[in-house]
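What's in work_22.cif: mmCIF, C-alpha atoms
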data_entry
#
loop_
_atom_site.group_PDB
_atom_site.id
_atom_site.type_symbol
_atom_site.label_atom_id
_atom_site.label_comp_id
_atom_site.auth_asym_id
_atom_site.auth_seq_id
_atom_site.Cartn_x
_atom_site.Cartn_y
_atom_site.Cartn_z
ATOM 1 C CA MET Q 23 65.050 80.474 74.281
ATOM 2 C CA ASN Q 24 66.458 83.974 74.474
ATOM 3 C CA SER Q 25 70.130 84.743 74.179
ATOM 4 C CA ILE Q 26 70.755 85.390 77.886
ATOM 5 C CA ALA Q 27 69.469 81.958 78.875
ATOM 6 C CA LEU Q 28 71.501 80.400 76.079
ATOM 7 C CA ILE Q 29 74.669 82.190 77.176
ATOM 8 C CA GLY Q 30 74.113 81.189 80.790
ATOM 9 C CA MET Q 31 73.506 77.563 79.882
ATOM 10 C CA MET Q 32 76.491 77.272 77.593
ATOM 11 C CA SER Q 33 78.784 79.086 80.049
ATOM 12 C CA THR Q 34 77.903 76.724 82.862
ATOM 13 C CA LEU Q 35 78.349 73.719 80.600
ATOM 14 C CA ALA Q 36 81.654 75.057 79.314
ATOM 15 C CA ALA Q 37 82.892 75.772 82.843
ATOM 16 C CA GLY Q 38 82.111 72.217 83.907
ATOM 17 C CA LEU Q 39 83.780 70.735 80.855
ATOM 18 C CA CYS Q 40 86.760 73.052 81.253
ATOM 19 C CA ILE Q 41 87.642 72.060 84.789
ATOM 20 C CA GLY Q 42 86.547 68.445 84.299
ATOM 21 C CA ILE Q 43 88.694 67.735 81.273
ATOM 22 C CA GLY Q 44 91.429 70.128 82.306
ATOM 23 C CA ALA Q 45 92.008 68.441 85.648
ATOM 24 C CA VAL Q 46 92.562 64.989 84.118
ATOM 25 C CA GLY Q 47 95.893 65.663 82.466
ATOM 26 C CA SER Q 48 97.459 67.407 85.395
ATOM 27 C CA ALA Q 49 96.169 64.743 87.798
ATOM 28 C CA ILE Q 50 97.804 61.986 85.743
ATOM 29 C CA GLY Q 51 100.992 64.011 85.486
ATOM 30 C CA GLU Q 52 101.161 64.687 89.212
ATOM 31 C CA GLY Q 53 100.536 61.044 89.967
ATOM 32 C CA MET Q 54 103.400 60.000 87.706
ATOM 33 C CA ALA Q 55 105.719 62.597 89.223
ATOM 34 C CA ALA Q 56 104.860 61.531 92.764
ATOM 35 C CA ALA Q 57 105.302 57.854 91.914
ATOM 36 C CA ALA Q 58 108.702 58.483 90.364
ATOM 37 C CA ALA Q 59 109.787 60.611 93.334
ATOM 38 C CA LEU Q 60 108.672 57.978 95.843
ATOM 39 C CA ARG Q 61 110.535 55.310 93.914
ATOM 40 C CA SER Q 62 113.725 57.313 93.902
ATOM 41 C CA ILE Q 63 113.370 58.142 97.600
ATOM 42 C CA ALA Q 64 113.050 54.418 98.286
ATOM 43 C CA GLN Q 65 116.214 53.806 96.275
ATOM 44 C CA GLN Q 66 118.221 56.724 97.660
ATOM 45 C CA PRO Q 67 116.934 57.763 101.089
ATOM 46 C CA ASP Q 68 119.946 60.082 101.561
ATOM 47 C CA GLN Q 69 118.767 62.354 98.772
ATOM 48 C CA THR Q 70 115.280 62.809 100.240
ATOM 49 C CA SER Q 71 115.528 66.568 100.751
ATOM 50 C CA THR Q 72 116.764 67.243 97.211
ATOM 51 C CA ILE Q 73 114.146 64.964 95.686
ATOM 52 C CA THR Q 74 111.359 66.503 97.742
ATOM 53 C CA ARG Q 75 112.358 70.016 96.742
ATOM 54 C CA THR Q 76 112.502 69.121 93.077
ATOM 55 C CA LEU Q 77 109.201 67.294 93.450
ATOM 56 C CA PHE Q 78 107.554 70.410 94.868
ATOM 57 C CA VAL Q 79 108.806 72.567 92.024
ATOM 58 C CA SER Q 80 107.716 70.132 89.353
ATOM 59 C CA MET Q 81 104.355 69.601 91.070
ATOM 60 C CA ALA Q 82 103.805 73.353 90.953
ATOM 61 C CA MET Q 83 104.694 73.403 87.270
ATOM 62 C CA ILE Q 84 102.416 70.469 86.465
ATOM 63 C CA GLU Q 85 99.604 71.811 88.566
ATOM 64 C CA SER Q 86 99.581 75.175 86.824
ATOM 65 C CA THR Q 87 97.668 73.817 83.808
ATOM 66 C CA ALA Q 88 94.874 72.678 86.102
ATOM 67 C CA ILE Q 89 94.955 76.075 87.782
ATOM 68 C CA TYR Q 90 94.562 77.762 84.395
ATOM 69 C CA ALA Q 91 91.543 75.576 83.672
ATOM 70 C CA PHE Q 92 90.115 76.467 87.069
ATOM 71 C CA VAL Q 93 90.638 80.184 86.543
ATOM 72 C CA VAL Q 94 88.985 80.016 83.122
ATOM 73 C CA SER Q 95 85.968 78.195 84.524
ATOM 74 C CA MET Q 96 85.722 80.704 87.383
ATOM 75 C CA ILE Q 97 85.767 83.515 84.813
ATOM 76 C CA LEU Q 98 83.050 81.746 82.839
ATOM 77 C CA ILE Q 99 80.825 81.454 85.889
ATOM 78 C CA PHE Q 100 81.445 84.607 87.915
ATOM 79 C CA ALA Q 101 82.889 87.190 85.551
ATOM 80 C CA ASN Q 102 81.588 86.194 82.151
ATOM 81 C CA PRO Q 103 82.131 89.066 79.704
ATOM 82 C CA PHE Q 104 79.576 87.775 77.157
ATOM 83 C CA TRP Q 105 76.933 87.484 79.831
ATOM 84 C CA GLU Q 106 77.378 91.096 80.906
ATOM 85 C CA TYR Q 107 77.402 92.205 77.283
ATOM 86 C CA ALA Q 108 74.111 90.393 76.619
ATOM 87 C CA ILE Q 109 72.516 91.882 79.718
ATOM 88 C CA LYS Q 110 73.639 95.352 78.691
ATOM 89 C CA ALA Q 111 72.425 94.870 75.129
ATOM 90 C CA GLY Q 112 69.115 93.325 76.199
ATOM 91 C CA GLY Q 113 68.214 95.643 79.029
ATOM 92 C CA MET F 8 79.225 86.972 94.395
ATOM 93 C CA LYS F 9 82.494 88.803 94.984
ATOM 94 C CA ILE F 10 85.461 86.560 94.426
ATOM 95 C CA SER F 11 88.231 89.125 94.708
ATOM 96 C CA PRO F 12 89.146 91.255 97.725
ATOM 97 C CA ASP F 13 89.583 94.101 95.241
ATOM 98 C CA GLN F 14 85.811 94.423 95.139
ATOM 99 C CA TYR F 15 85.342 95.060 98.863
ATOM 100 C CA LEU F 16 85.594 98.755 99.579
ATOM 101 C CA ILE F 17 86.528 99.315 103.185
ATOM 102 C CA PHE F 18 86.959 103.049 103.011
ATOM 103 C CA ASP F 19 85.367 105.271 100.390
ATOM 104 C CA TRP F 20 85.547 108.989 100.909
ATOM 105 C CA GLY F 21 85.659 111.413 98.012
ATOM 106 C CA TRP F 22 88.733 110.718 95.933
ATOM 107 C CA GLY F 23 90.262 108.411 98.535
ATOM 108 C CA ARG F 24 89.243 104.820 98.141
ATOM 109 C CA LEU F 25 90.723 101.812 99.921
ATOM 110 C CA ASN F 26 89.798 98.269 99.039
ATOM 111 C CA ALA F 27 90.381 95.199 101.169
ATOM 112 C CA THR F 28 93.517 94.186 99.250
ATOM 113 C CA ILE F 29 95.361 97.396 100.113
ATOM 114 C CA VAL F 30 94.189 97.476 103.707
ATOM 115 C CA PHE F 31 95.138 93.886 104.469
ATOM 116 C CA SER F 32 98.458 94.185 102.607
ATOM 117 C CA TRP F 33 99.381 97.126 104.799
ATOM 118 C CA LEU F 34 98.146 95.244 107.855
ATOM 119 C CA ILE F 35 100.455 92.313 107.101
ATOM 120 C CA MET F 36 103.346 94.609 106.279
ATOM 121 C CA SER F 37 102.933 96.502 109.542
ATOM 122 C CA VAL F 38 102.678 93.253 111.517
ATOM 123 C CA LEU F 39 105.855 91.894 109.910
ATOM 124 C CA VAL F 40 107.867 95.104 110.175
ATOM 125 C CA GLY F 41 106.565 96.021 113.620
ATOM 126 C CA GLY F 42 107.130 92.503 114.938
ATOM 127 C CA ALA F 43 110.657 92.413 113.585
ATOM 128 C CA TRP F 44 111.366 95.841 115.062
ATOM 129 C CA LEU F 45 110.016 94.818 118.480
ATOM 130 C CA ILE F 46 112.099 91.646 118.521
ATOM 131 C CA CYS F 47 115.269 93.234 117.165
ATOM 132 C CA ARG F 48 115.289 95.966 119.810
ATOM 133 C CA LYS F 49 116.982 93.698 122.331
ATOM 134 C CA LEU F 50 119.134 91.320 120.380
ATOM 135 C CA THR F 51 121.932 89.491 122.130
ATOM 136 C CA ASP F 52 124.717 87.395 120.707
ATOM 137 C CA GLY F 53 125.091 85.335 123.852
ATOM 138 C CA ALA F 54 123.594 81.943 124.626
ATOM 139 C CA LYS F 55 120.767 83.499 126.658
ATOM 140 C CA MET F 56 118.231 85.016 124.300
ATOM 141 C CA THR F 57 114.540 85.741 124.209
ATOM 142 C CA PRO F 58 112.298 83.062 122.638
ATOM 143 C CA TRP F 59 111.331 85.520 119.916
ATOM 144 C CA GLN F 60 114.922 86.047 118.879
ATOM 145 C CA ASN F 61 115.295 82.278 118.745
ATOM 146 C CA LEU F 62 112.250 82.065 116.476
ATOM 147 C CA LEU F 63 113.595 84.739 114.130
ATOM 148 C CA GLU F 64 116.988 83.052 114.002
ATOM 149 C CA VAL F 65 115.356 79.745 113.126
ATOM 150 C CA ILE F 66 113.316 81.379 110.336
ATOM 151 C CA VAL F 67 116.167 83.394 108.846
ATOM 152 C CA GLY F 68 118.645 80.553 109.190
ATOM 153 C CA GLY F 69 116.218 78.097 107.610
ATOM 154 C CA ILE F 70 115.560 80.344 104.622
ATOM 155 C CA ALA F 71 119.287 81.021 104.212
ATOM 156 C CA GLY F 72 120.040 77.295 104.318
ATOM 157 C CA HIS F 73 117.423 76.556 101.674
ATOM 158 C CA ILE F 74 118.780 79.279 99.397
ATOM 159 C CA GLU F 75 122.293 77.960 99.845
ATOM 160 C CA ASP F 76 121.106 74.465 98.887
ATOM 161 C CA ILE F 77 119.677 75.805 95.629
ATOM 162 C CA THR F 78 122.368 78.241 94.539
ATOM 163 C CA HIS F 79 125.495 76.651 96.087
ATOM 164 C CA ARG F 80 126.796 80.093 96.970
ATOM 165 C CA SER F 81 126.407 82.665 99.724
ATOM 166 C CA PRO F 82 122.662 83.157 100.334
ATOM 167 C CA TYR F 83 122.894 86.666 101.760
ATOM 168 C CA PRO F 84 122.453 88.703 98.541
ATOM 169 C CA PHE F 85 119.150 86.909 97.864
ATOM 170 C CA LEU F 86 117.904 86.491 101.420
ATOM 171 C CA PRO F 87 116.129 89.873 101.761
ATOM 172 C CA PHE F 88 114.171 89.569 98.509
ATOM 173 C CA VAL F 89 113.198 85.912 98.624
ATOM 174 C CA GLY F 90 112.688 85.866 102.371
ATOM 175 C CA THR F 91 110.380 88.864 102.256
ATOM 176 C CA LEU F 92 108.324 87.328 99.471
ATOM 177 C CA PHE F 93 108.063 84.066 101.403
ATOM 178 C CA LEU F 94 107.118 85.640 104.725
ATOM 179 C CA PHE F 95 104.550 88.004 103.227
ATOM 180 C CA ILE F 96 102.826 85.267 101.217
ATOM 181 C CA LEU F 97 102.998 82.852 104.140
ATOM 182 C CA PHE F 98 101.405 85.325 106.544
ATOM 183 C CA SER F 99 98.767 86.297 104.037
ATOM 184 C CA ASN F 100 97.832 82.684 103.288
ATOM 185 C CA VAL F 101 97.844 81.460 106.860
ATOM 186 C CA LEU F 102 95.799 84.387 108.154
ATOM 187 C CA ALA F 103 93.119 83.474 105.585
ATOM 188 C CA VAL F 104 91.476 81.253 108.226
ATOM 189 C CA VAL F 105 90.862 84.285 110.442
ATOM 190 C CA PRO F 106 87.266 85.451 110.001
ATOM 191 C CA TYR F 107 86.788 88.692 108.053
ATOM 192 C CA PHE F 108 90.358 88.556 106.845
ATOM 193 C CA MET F 109 90.599 88.407 103.073
ATOM 194 C CA PRO F 110 94.055 87.308 101.935
ATOM 195 C CA PRO F 111 95.610 89.930 99.648
ATOM 196 C CA THR F 112 97.232 87.097 97.686
ATOM 197 C CA GLY F 113 93.714 86.103 96.602
ATOM 198 C CA SER F 114 93.697 89.165 94.360
ATOM 199 C CA ILE F 115 95.313 88.975 90.945
ATOM 200 C CA SER F 116 96.773 92.475 91.299
ATOM 201 C CA THR F 117 98.907 91.495 94.304
ATOM 202 C CA THR F 118 100.211 88.324 92.711
ATOM 203 C CA THR F 119 100.924 90.155 89.451
ATOM 204 C CA ALA F 120 102.965 92.676 91.418
ATOM 205 C CA PHE F 121 104.970 89.852 93.000
ATOM 206 C CA ALA F 122 105.515 88.153 89.655
ATOM 207 C CA LEU F 123 106.686 91.438 88.117
ATOM 208 C CA LEU F 124 109.097 91.877 91.012
ATOM 209 C CA VAL F 125 110.564 88.466 90.229
ATOM 210 C CA PHE F 126 110.619 89.329 86.528
ATOM 211 C CA VAL F 127 112.723 92.424 87.277
ATOM 212 C CA ALA F 128 114.838 90.756 89.942
ATOM 213 C CA VAL F 129 116.018 87.896 87.724
ATOM 214 C CA PRO F 130 118.040 90.007 85.240
ATOM 215 C CA SER F 131 119.207 92.440 87.928
ATOM 216 C CA PHE F 132 120.618 89.672 90.111
ATOM 217 C CA GLY F 133 122.011 88.043 86.982
ATOM 218 C CA LEU F 134 123.718 91.222 85.821
ATOM 219 C CA SER F 135 125.281 91.714 89.235
ATOM 220 C CA THR F 136 127.416 88.623 88.680
ATOM 221 C CA ARG F 137 128.092 88.656 84.940
ATOM 222 C CA SER F 138 128.305 90.950 81.942
ATOM 223 C CA LEU F 139 125.323 91.933 79.822
ATOM 224 C CA ARG F 140 126.751 90.183 76.783
ATOM 225 C CA ASN F 141 127.268 86.994 78.722
ATOM 226 C CA TYR F 142 123.762 87.242 80.161
ATOM 227 C CA LEU F 143 122.074 87.810 76.796
ATOM 228 C CA LYS F 144 123.997 84.904 75.337
ATOM 229 C CA ASP F 145 121.927 82.619 77.540
ATOM 230 C CA TYR F 146 118.915 83.328 75.362
ATOM 231 C CA MET F 147 120.770 81.913 72.346
ATOM 232 C CA LYS F 148 121.336 78.556 74.000
ATOM 233 C CA PRO F 149 121.338 75.809 72.845
ATOM 234 C CA THR F 150 120.973 77.328 69.350
ATOM 235 C CA PRO F 151 119.946 80.804 68.149
ATOM 236 C CA LEU F 152 116.822 79.149 66.786
ATOM 237 C CA MET F 153 115.540 78.894 70.354
ATOM 238 C CA LEU F 154 115.599 82.681 70.874
ATOM 239 C CA PRO F 155 111.831 83.311 70.500
ATOM 240 C CA PHE F 156 110.998 80.336 72.673
ATOM 241 C CA ASN F 157 113.341 81.482 75.418
ATOM 242 C CA ILE F 158 111.821 84.966 75.403
ATOM 243 C CA LEU F 159 108.319 83.524 75.374
ATOM 244 C CA GLY F 160 109.254 81.222 78.224
ATOM 245 C CA GLU F 161 110.457 84.196 80.249
ATOM 246 C CA LEU F 162 107.078 85.907 79.816
ATOM 247 C CA THR F 163 104.869 82.873 80.357
ATOM 248 C CA ARG F 164 106.650 81.818 83.513
ATOM 249 C CA THR F 165 105.975 85.267 84.982
ATOM 250 C CA PHE F 166 102.329 84.893 84.036
ATOM 251 C CA ALA F 167 102.253 81.374 85.481
ATOM 252 C CA LEU F 168 103.814 82.582 88.736
ATOM 253 C CA ALA F 169 101.059 85.157 89.164
ATOM 254 C CA VAL F 170 98.147 82.953 88.143
ATOM 255 C CA ARG F 171 99.321 79.952 90.168
ATOM 256 C CA LEU F 172 99.348 81.791 93.476
ATOM 257 C CA TYR F 173 96.139 83.671 92.670
ATOM 258 C CA GLY F 174 94.314 80.543 91.523
ATOM 259 C CA ASN F 175 95.261 78.489 94.545
ATOM 260 C CA ILE F 176 94.323 81.074 97.146
ATOM 261 C CA MET F 177 91.198 82.197 95.318
ATOM 262 C CA SER F 178 90.100 78.585 94.868
ATOM 263 C CA SER F 179 90.226 77.852 98.582
ATOM 264 C CA THR F 180 88.119 80.951 99.269
ATOM 265 C CA VAL F 181 85.601 80.047 96.563
ATOM 266 C CA ILE F 182 85.416 76.405 97.652
ATOM 267 C CA GLY F 183 84.699 77.545 101.200
ATOM 268 C CA LEU F 184 81.890 79.784 99.973
ATOM 269 C CA VAL F 185 80.373 77.119 97.718
ATOM 270 C CA LEU F 186 80.495 74.469 100.448
ATOM 271 C CA LEU F 187 78.798 76.872 102.850
ATOM 272 C CA ILE F 188 75.856 76.837 100.456
ATOM 273 C CA VAL F 189 75.874 73.083 99.816
ATOM 274 C CA MET F 190 76.669 71.532 103.196
ATOM 275 C CA PRO F 191 77.214 74.199 105.827
ATOM 276 C CA LEU F 192 77.712 72.081 108.926
ATOM 277 C CA PHE F 193 81.187 70.551 109.109
ATOM 278 C CA PHE F 194 82.757 70.135 105.707
ATOM 279 C CA PRO F 195 83.917 73.752 105.157
ATOM 280 C CA VAL F 196 86.180 73.408 108.206
ATOM 281 C CA ILE F 197 88.033 70.516 106.585
ATOM 282 C CA MET F 198 88.437 72.475 103.381
ATOM 283 C CA GLN F 199 89.737 75.440 105.371
ATOM 284 C CA ALA F 200 92.342 73.201 106.981
ATOM 285 C CA LEU F 201 93.274 71.947 103.525
ATOM 286 C CA GLY F 202 93.478 75.561 102.385
ATOM 287 C CA LEU F 203 95.974 76.198 105.213
ATOM 288 C CA LEU F 204 98.182 73.402 103.879
ATOM 289 C CA THR F 205 97.867 74.677 100.308
ATOM 290 C CA GLY F 206 98.684 78.192 101.441
ATOM 291 C CA VAL F 207 101.924 77.173 103.144
ATOM 292 C CA ILE F 208 102.962 75.019 100.186
ATOM 293 C CA GLN F 209 102.172 77.820 97.731
ATOM 294 C CA ALA F 210 104.236 80.315 99.738
ATOM 295 C CA TYR F 211 107.119 77.849 99.709
ATOM 296 C CA ILE F 212 106.723 77.186 96.007
ATOM 297 C CA PHE F 213 106.570 80.867 95.096
ATOM 298 C CA ALA F 214 109.766 81.649 96.969
ATOM 299 C CA LEU F 215 111.427 78.496 95.655
ATOM 300 C CA LEU F 216 110.535 79.242 92.042
ATOM 301 C CA ALA F 217 111.716 82.842 92.399
ATOM 302 C CA MET F 218 115.000 81.528 93.774
ATOM 303 C CA VAL F 219 115.340 78.921 91.028
ATOM 304 C CA TYR F 220 114.728 81.548 88.347
ATOM 305 C CA ILE F 221 117.296 83.871 89.907
ATOM 306 C CA ALA F 222 119.781 81.029 90.278
ATOM 307 C CA SER F 223 119.372 80.124 86.617
ATOM 308 C CA ALA F 224 120.359 83.676 85.629
ATOM 309 C CA LEU F 225 123.494 83.720 87.774
ATOM 310 C CA GLN F 226 126.997 83.084 86.557
ATOM 311 C CA LYS F 227 127.634 79.377 86.100
ATOM 312 C CA ASP F 228 131.006 78.946 87.736
ATOM 313 C CA ASP F 229 131.317 75.246 86.982
ATOM 314 C CA ASP F 230 131.560 74.093 83.404
ATOM 315 C CA PRO F 231 129.325 71.176 82.419
ATOM 316 C CA LYS F 232 132.247 68.768 82.256
ATOM 317 C CA SER F 233 133.105 69.045 85.931
ATOM 318 C CA THR F 234 129.560 68.345 87.175
ATOM 319 C CA SER F 235 129.070 64.651 87.487
#
Could you take the file, read its structure, and then write that structure out as structure tokens?
Amino acid sequence: MNSIALIGMMSTLAAGLCIGIGAVGSAIGEGMAAAAALRSIAQQPDQTSTITRTLFVSMAMIESTAIYAFVVSMILIFANPFWEYAIKAGG
Amino acid sequence: MKISPDQYLIFDWGWGRLNATIVFSWLIMSVLVGGAWLICRKLTDGAKMTPWQNLLEVIVGGIAGHIEDITHRSPYPFLPFVGTLFLFILFSNVLAVVPYFMPPTGSISTTTAFALLVFVAVPSFGLSTRSLRNYLKDYMKPTPLMLPFNILGELTRTFALAVRLYGNIMSSTVIGLVLLIVMPLFFPVIMQALGLLTGVIQAYIFALLAMVYIASALQKDDDPKSTS
């Protein structure tokens, strides 16, 4: 197996693992945040607008880790620096 | 596969080179400015108004109300900055469903520019209400030991602001492309509709986070004892 095939294989595997494992934590976190927000809306329906706004902000914060994982896996697949280096060195 | 609108050259002539990001940014800017100019030519303060003026009043009033909810002070110093960010990102994200339109927010250079604007705007709005000494003291809270973490937090939240918007918009474009390869018949339409929802929420979140960051740098006029 030459190095280009190895780099391609490992990059694809790493991209899959990256987004697969990276999404878990933020999914659990968002679920907990949404559950807590729904519970407090049920308790205090008057505060719905404040709770929803805070929920959006915290969702965005929580989600950003998953977005980082996604961006890294996109880089691994579409703009892999090692891959281009190996192609340049090989050819 | 090209995942960034930076890589599409629309105009390439000698030294002049325009990529899709610049062209579509200017398109959105001209639509926003030109539309506002057209509507504002015949403003009235009476009860009879054109539907377009009503629309603009609803938009501006809604944004001002939201800002007032967050800062608990007059929204008008912040309205131009935050409102412009919101409207530009909203237009760019919503127009992403138009064929051949590549949203400029799907390019990391645009979102980095926005994040840097927020990064500069936070201390400048903060310094307009309080002294430099008072402002810098915020970095020493709760203890001076937290100084490096506060500075690091300032930098990483700028980075997060840029990458969040970029990642969300770019992901909906990439998912559309990938689904076109896998199952081209009906499913990409659903993902496009989902991308519309994500785009609106991301525009809201970007403006909201910018406003929250600015509000956190402003003078705190109520001491912690009086807030219950």
Mind checking which residues fall within 10 Å of Q:Ala56, counting only C-alpha atoms, ignoring those fewer than 6 positions away in the same chain, and posting them as a list in words?
Ile50, Ser62, Thr74, Leu77, Phe78, Ser80 and Met81 of chain Q
Return as a list in words the residues belonging to chain Q that are within 10 Å of chain F, counting all atoms listed in the file.
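Interface list for chain Q against chain F: Ser71, Thr72, Arg75, Thr76, Phe78, Val79, Ser80, Met81, Ala82, Met83, Glu85, Ser86, Thr87, Ala88, Ile89, Tyr90, Ala91, Phe92, Val93, Val94, Met96, Phe100 and Ala101 of chain Q.
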Local residues around (72.7, 91.5, 79.0), at most 12 Å away, using all atoms listed in the file, as a list in words
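Residues found, by chain and rising number: Asn24, Ser25, Ile26, Ala27, Leu28, Ile29, Gly30, Asn102, Pro103, Phe104, Trp105, Glu106, Tyr107, Ala108, Ile109, Lys110, Ala111, Gly112 and Gly113 of chain Q.
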I'd like to see the residues matched by the PyMOL selection byres ((chain Q and resi 41) around 8) on this file, and ideally I'd get them as a list of chain:residue names.
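Selected by the PyMOL selection byres ((chain Q and resi 41) around 8) here: Q:Ala37, Q:Gly38, Q:Leu39, Q:Cys40, Q:Gly42, Q:Ile43, Q:Gly44, Q:Ala45, Q:Ala88, Q:Ala91, Q:Phe92, Q:Ser95.
With distances taken from (114.4, 88.2, 104.3) and restricted to all atoms listed in the file, the residues inside 12 Å are Leu39, Val40, Ala43, Leu63, Glu64, Ile66, Val67, Gly68, Gly69, Ile70, Ala71, Ile74, Pro82, Tyr83, Pro84, Phe85, Leu86, Pro87, Phe88, Val89, Gly90, Thr91, Leu92, Phe93, Leu94, Phe95 and Ala214 of chain F.
Minimum distance to F:Trp33 across F:Ile182, F:Phe166, F:Ser99, F:Ser138 (counting all atoms listed in the file) occurs at F:Ser99.
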To one decimal place, how far is atom CA of F:Ala222 from atom CA of F:Gly133 in Å?
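A separation of 8.1 Å between them.
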Hey, can you check how far atom CA of F:Leu16 sits from atom CA of Q:Ser33?
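For atom CA of F:Leu16 relative to atom CA of Q:Ser33, the distance reads 28.5 Å.
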Å distance separating atom CA of F:Ser116 from atom CA of Q:Ala49, one decimal place
28.0 Å
Stretch 92-110 of chain F from the block above, N, CA and C atoms, as a PDB file, in the first residue's frame, please?
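The resulting file, result-v6.pdb, is reproduced below:
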ATOM      1  N   LEU F  92     -25.836  43.783  10.727  1.00  0.00           N
ATOM      2  CA  LEU F  92     -25.309  42.406  10.740  1.00  0.00           C
ATOM      3  C   LEU F  92     -26.437  41.412  10.536  1.00  0.00           C
ATOM      4  N   PHE F  93     -27.533  41.595  11.291  1.00  0.00           N
ATOM      5  CA  PHE F  93     -28.643  40.647  11.226  1.00  0.00           C
ATOM      6  C   PHE F  93     -29.241  40.611   9.826  1.00  0.00           C
ATOM      7  N   LEU F  94     -29.513  41.799   9.260  1.00  0.00           N
ATOM      8  CA  LEU F  94     -30.192  41.813   7.962  1.00  0.00           C
ATOM      9  C   LEU F  94     -29.302  41.239   6.872  1.00  0.00           C
ATOM     10  N   PHE F  95     -28.009  41.573   6.913  1.00  0.00           N
ATOM     11  CA  PHE F  95     -27.114  41.051   5.871  1.00  0.00           C
ATOM     12  C   PHE F  95     -27.043  39.527   5.953  1.00  0.00           C
ATOM     13  N   ILE F  96     -26.839  38.995   7.157  1.00  0.00           N
ATOM     14  CA  ILE F  96     -26.704  37.540   7.289  1.00  0.00           C
ATOM     15  C   ILE F  96     -28.018  36.864   6.949  1.00  0.00           C
ATOM     16  N   LEU F  97     -29.133  37.487   7.361  1.00  0.00           N
ATOM     17  CA  LEU F  97     -30.438  36.890   7.068  1.00  0.00           C
ATOM     18  C   LEU F  97     -30.661  36.813   5.564  1.00  0.00           C
ATOM     19  N   PHE F  98     -30.407  37.915   4.868  1.00  0.00           N
ATOM     20  CA  PHE F  98     -30.609  37.916   3.414  1.00  0.00           C
ATOM     21  C   PHE F  98     -29.708  36.876   2.756  1.00  0.00           C
ATOM     22  N   SER F  99     -28.447  36.878   3.187  1.00  0.00           N
ATOM     23  CA  SER F  99     -27.504  35.961   2.561  1.00  0.00           C
ATOM     24  C   SER F  99     -27.934  34.509   2.772  1.00  0.00           C
ATOM     25  N   ASN F 100     -28.401  34.182   3.983  1.00  0.00           N
ATOM     26  CA  ASN F 100     -28.761  32.796   4.262  1.00  0.00           C
ATOM     27  C   ASN F 100     -30.052  32.395   3.583  1.00  0.00           C
ATOM     28  N   VAL F 101     -31.008  33.309   3.538  1.00  0.00           N
ATOM     29  CA  VAL F 101     -32.300  32.951   2.955  1.00  0.00           C
ATOM     30  C   VAL F 101     -32.193  32.837   1.440  1.00  0.00           C
ATOM     31  N   LEU F 102     -31.385  33.705   0.834  1.00  0.00           N
ATOM     32  CA  LEU F 102     -31.235  33.648  -0.623  1.00  0.00           C
ATOM     33  C   LEU F 102     -30.450  32.420  -1.072  1.00  0.00           C
ATOM     34  N   ALA F 103     -29.919  31.639  -0.112  1.00  0.00           N
ATOM     35  CA  ALA F 103     -29.142  30.452  -0.479  1.00  0.00           C
ATOM     36  C   ALA F 103     -29.990  29.422  -1.212  1.00  0.00           C
ATOM     37  N   VAL F 104     -31.326  29.490  -1.113  1.00  0.00           N
ATOM     38  CA  VAL F 104     -32.156  28.528  -1.827  1.00  0.00           C
ATOM     39  C   VAL F 104     -32.326  28.912  -3.294  1.00  0.00           C
ATOM     40  N   VAL F 105     -31.961  30.145  -3.636  1.00  0.00           N
ATOM     41  CA  VAL F 105     -32.067  30.574  -5.036  1.00  0.00           C
ATOM     42  C   VAL F 105     -30.979  29.867  -5.834  1.00  0.00           C
ATOM     43  N   PRO F 106     -31.328  29.259  -6.966  1.00  0.00           N
ATOM     44  CA  PRO F 106     -30.293  28.576  -7.745  1.00  0.00           C
ATOM     45  C   PRO F 106     -29.207  29.534  -8.210  1.00  0.00           C
ATOM     46  N   TYR F 107     -28.000  29.043  -8.268  1.00  0.00           N
ATOM     47  CA  TYR F 107     -26.802  29.778  -8.692  1.00  0.00           C
ATOM     48  C   TYR F 107     -26.382  30.867  -7.718  1.00  0.00           C
ATOM     49  N   PHE F 108     -27.117  31.023  -6.644  1.00  0.00           N
ATOM     50  CA  PHE F 108     -26.674  31.984  -5.636  1.00  0.00           C
ATOM     51  C   PHE F 108     -25.856  31.240  -4.596  1.00  0.00           C
ATOM     52  N   MET F 109     -24.625  31.704  -4.378  1.00  0.00           N
ATOM     53  CA  MET F 109     -23.809  31.091  -3.333  1.00  0.00           C
ATOM     54  C   MET F 109     -23.739  32.053  -2.169  1.00  0.00           C
ATOM     55  N   PRO F 110     -24.219  31.669  -0.993  1.00  0.00           N
ATOM     56  CA  PRO F 110     -24.260  32.622   0.117  1.00  0.00           C
ATOM     57  C   PRO F 110     -22.863  33.059   0.521  1.00  0.00           C
TER      58      PRO F 110
END
